[in-house]
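**Q** Structure incoming, see below.
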Amino acid sequence: MKKYRYLILAALVLLFAGATALLWKPLMLFAENPETLKAWAEETGPLSFVIFGAMNMLQVIIAIIPGGPFEVAAGYMYGIVPGTLLCDVAMTLGSMLVFLLVRKFGMKFVLLFFSQEQVDNVHFLKNTSRLRTILFILFLIPGTPKDIITYLVGLSDLDPWSWVFICFIGRLPAILFSAMGGSALGTSQYGMVIGISVLLVVCYFAGSWLYKKWNVKKKDSDSDTEE
């Protein structure tokens, strides 16, 4: 049975590597050139929602691909509400797929994308009594390392439906603001673009600080327990 699990894991690695190699350039072009992206969406029609959503899912699974540019691009292409919902649904589905794959293959799957040192530096997930609350707050605020959190949550005792709720609701505000920035960019409302950018930067630093505080606090608590 283990032999088949390794074969499936190897096939997934090849699939993700191939998808990244094939889609990396168009993903970055789409994210960096909103005019080209908007023209492509208009020409492609409703199918563009499916393709763009699949790309958004892929950037969650392939953790090295940044998600922010896609959120801005979605607002630019589709408008605030459709762009926000498209990104949120796609990223939630991607996060759920990662969750299930980690539950299936365990740490071996996590280590395909992150080093053991990166994994060992995440301590707050051991706080099982407040895990749902901590995860929700961390996903609510930009600046927290959601990529590695998404992979490590599958190793915790969190139930799948709580994870879906945390991903969808927790990510919603940041995606909404990014989509608003993209929409404002498309209508040349540069004052709003600057205002939203400043807000997101402030939230980013606040989120980074909060994550480090909780993570270090949990690490210190674990050290005291061991002593």
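As shown in the structure tokens, the chain order sets the letters A, B, ...; within each chain, residues go from 1, and ligands are also counted from 1 in the order they appear.
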With only C-alpha atoms as the counted atoms, please give the residues lying no more than 6 Å from region 133-145 of chain A, apart from itself and same-chain residues fewer than 2 positions off, as a PyMOL selection string.

**A** chain A and resi 130-131+147+166+170-171+203-204+207-208

**Q** Please produce a file of those selected residues containing all heavy atoms, as a short mmCIF file (atom, residue, chain, number, x, y, z; two decimals), in the first residue's frame.

**A**
data_model
loop_
_atom_site.label_atom_id
_atom_site.label_comp_id
_atom_site.auth_asym_id
_atom_site.auth_seq_id
_atom_site.Cartn_x
_atom_site.Cartn_y
_atom_site.Cartn_z
N ARG A 130 -6.85 26.98 21.21
CA ARG A 130 -7.23 28.24 20.55
C ARG A 130 -6.91 28.23 19.07
O ARG A 130 -6.83 29.30 18.45
CB ARG A 130 -6.51 29.40 21.23
CG ARG A 130 -6.83 29.58 22.70
CD ARG A 130 -6.00 30.69 23.30
NE ARG A 130 -6.20 31.95 22.59
CZ ARG A 130 -5.29 32.93 22.52
NH1 ARG A 130 -4.11 32.77 23.10
NH2 ARG A 130 -5.54 34.03 21.88
N LEU A 131 -6.71 27.05 18.50
CA LEU A 131 -6.22 26.97 17.12
C LEU A 131 -7.15 27.64 16.13
O LEU A 131 -6.70 28.41 15.26
CB LEU A 131 -6.02 25.50 16.73
CG LEU A 131 -5.42 25.27 15.33
CD1 LEU A 131 -4.08 25.96 15.20
CD2 LEU A 131 -5.28 23.77 15.07
N ASP A 147 1.05 30.73 3.24
CA ASP A 147 1.45 29.59 2.42
C ASP A 147 1.84 28.40 3.28
O ASP A 147 1.30 27.30 3.12
CB ASP A 147 2.64 29.98 1.51
CG ASP A 147 2.22 30.97 0.43
OD1 ASP A 147 1.03 30.99 0.08
OD2 ASP A 147 3.09 31.70 -0.06
N ILE A 166 -12.52 29.21 7.79
CA ILE A 166 -11.38 30.10 8.07
C ILE A 166 -10.81 30.65 6.77
O ILE A 166 -10.52 31.85 6.66
CB ILE A 166 -10.30 29.34 8.87
CG1 ILE A 166 -10.79 29.09 10.30
CG2 ILE A 166 -8.98 30.12 8.88
CD1 ILE A 166 -9.95 28.09 11.06
N GLY A 170 -11.89 34.33 6.43
CA GLY A 170 -10.68 35.00 6.88
C GLY A 170 -9.96 35.75 5.77
O GLY A 170 -9.46 36.85 5.97
N ARG A 171 -9.91 35.17 4.58
CA ARG A 171 -9.21 35.82 3.46
C ARG A 171 -10.05 36.94 2.83
O ARG A 171 -9.50 37.78 2.11
CB ARG A 171 -8.91 34.79 2.37
CG ARG A 171 -7.63 34.00 2.57
CD ARG A 171 -7.25 33.31 1.27
NE ARG A 171 -5.97 32.63 1.36
CZ ARG A 171 -5.84 31.32 1.43
NH1 ARG A 171 -6.92 30.55 1.43
NH2 ARG A 171 -4.64 30.76 1.49
N CYS A 203 -1.42 46.97 7.35
CA CYS A 203 -1.95 45.69 7.80
C CYS A 203 -0.91 44.58 7.66
O CYS A 203 -0.83 43.67 8.50
CB CYS A 203 -3.20 45.32 7.00
SG CYS A 203 -4.64 46.33 7.36
N TYR A 204 -0.11 44.67 6.60
CA TYR A 204 0.94 43.66 6.37
C TYR A 204 1.94 43.65 7.52
O TYR A 204 2.26 42.59 8.07
CB TYR A 204 1.65 43.96 5.05
CG TYR A 204 2.79 43.01 4.75
CD1 TYR A 204 2.57 41.82 4.06
CD2 TYR A 204 4.08 43.30 5.17
CE1 TYR A 204 3.61 40.95 3.80
CE2 TYR A 204 5.13 42.43 4.91
CZ TYR A 204 4.89 41.26 4.23
OH TYR A 204 5.93 40.40 3.97
N GLY A 207 0.28 42.38 10.68
CA GLY A 207 0.12 40.93 10.64
C GLY A 207 1.43 40.21 10.88
O GLY A 207 1.47 39.19 11.59
N SER A 208 2.52 40.72 10.30
CA SER A 208 3.84 40.11 10.51
C SER A 208 4.22 40.18 11.99
O SER A 208 4.73 39.20 12.56
CB SER A 208 4.89 40.84 9.67
OG SER A 208 4.61 40.71 8.30
#

**Q** How many Å separate CA of Ser48 (chain A) from CA of Ile148 (chain A)?

**A**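 The value is 28.5 Å.
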
**Q** What does the structure give for the distance between CA of Thr150 (chain A) and CA of Val110 (chain A), in Å to one decimal?

**A**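 CA of Val110 (chain A) lies at a distance of 9.7 Å from CA of Thr150 (chain A).
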
**Q** Quick one: residues within 6 Å of region 74-81 of chain A, only C-alpha atoms, excluding same-chain residues fewer than 2 positions away - as a PyMOL selection string?

**A** chain A and resi 38+70-72+83-84+179-180+182-183+186

**Q** Which of these residues is nearest to Gly154 (chain A), using only C-alpha atoms: A:Ala206, A:Leu176, A:Leu100, A:Val198?

**A** A:Leu100

**Q** Run DSSP on the backbone and grab whatever in region 76-143 of chain A lands in helix (DSSP H, G or I); send it over as a PyMOL selection string.

**A** chain A and resi 76-78+80-105+107-110+116-120+124-126+128-140

**Q** Write a file of the selected residues as a short mmCIF file (atom, residue, chain, number, x, y, z; two decimals), in the first residue's frame, keeping C-alpha atoms.

**A**
data_model
loop_
_atom_site.label_atom_id
_atom_site.label_comp_id
_atom_site.auth_asym_id
_atom_site.auth_seq_id
_atom_site.Cartn_x
_atom_site.Cartn_y
_atom_site.Cartn_z
CA TYR A 76 -9.33 45.12 -12.60
CA MET A 77 -10.78 42.47 -14.94
CA TYR A 78 -14.14 41.60 -13.41
CA ILE A 80 -14.95 44.37 -7.15
CA VAL A 81 -17.62 41.83 -6.20
CA PRO A 82 -17.12 39.22 -8.98
CA GLY A 83 -13.33 39.51 -8.70
CA THR A 84 -13.39 39.14 -4.93
CA LEU A 85 -15.68 36.11 -4.99
CA LEU A 86 -13.73 34.44 -7.80
CA CYS A 87 -10.43 34.75 -5.93
CA ASP A 88 -11.90 33.77 -2.57
CA VAL A 89 -13.63 30.65 -3.91
CA ALA A 90 -10.56 29.59 -5.94
CA MET A 91 -8.15 30.13 -3.06
CA THR A 92 -10.45 28.29 -0.64
CA LEU A 93 -10.64 25.33 -3.03
CA GLY A 94 -6.86 25.37 -3.43
CA SER A 95 -6.38 25.50 0.34
CA MET A 96 -8.82 22.63 0.83
CA LEU A 97 -7.00 20.53 -1.78
CA VAL A 98 -3.69 21.15 0.01
CA PHE A 99 -5.35 20.24 3.33
CA LEU A 100 -6.58 16.91 1.95
CA LEU A 101 -3.27 16.08 0.26
CA VAL A 102 -1.37 16.74 3.49
CA ARG A 103 -3.85 14.59 5.42
CA LYS A 104 -3.22 11.83 2.86
CA PHE A 105 0.57 12.03 2.48
CA MET A 107 4.93 15.57 6.20
CA LYS A 108 6.41 14.14 2.99
CA PHE A 109 4.06 16.34 0.97
CA VAL A 110 4.79 19.44 3.07
CA GLN A 116 12.34 21.14 7.68
CA GLU A 117 13.72 24.31 9.28
CA GLN A 118 10.75 26.36 8.03
CA VAL A 119 8.36 23.74 9.38
CA ASP A 120 10.11 23.61 12.76
CA PHE A 124 1.54 28.22 17.26
CA LEU A 125 -0.22 25.24 15.65
CA LYS A 126 0.49 23.30 18.85
CA THR A 128 -4.92 23.21 20.07
CA SER A 129 -7.26 24.95 22.53
CA ARG A 130 -7.23 28.24 20.55
CA LEU A 131 -6.22 26.97 17.12
CA ARG A 132 -9.41 28.00 15.29
CA THR A 133 -9.32 31.52 16.73
CA ILE A 134 -5.62 32.02 16.04
CA LEU A 135 -5.90 30.72 12.47
CA PHE A 136 -8.91 32.93 11.75
CA ILE A 137 -7.14 36.06 12.99
CA LEU A 138 -3.95 35.20 11.09
CA PHE A 139 -5.91 34.70 7.88
CA LEU A 140 -7.86 37.90 8.48
#

**Q** CA of Gly195 (chain A) to CA of Lys146 (chain A): how many Å, to one decimal?

**A** 23.9 Å
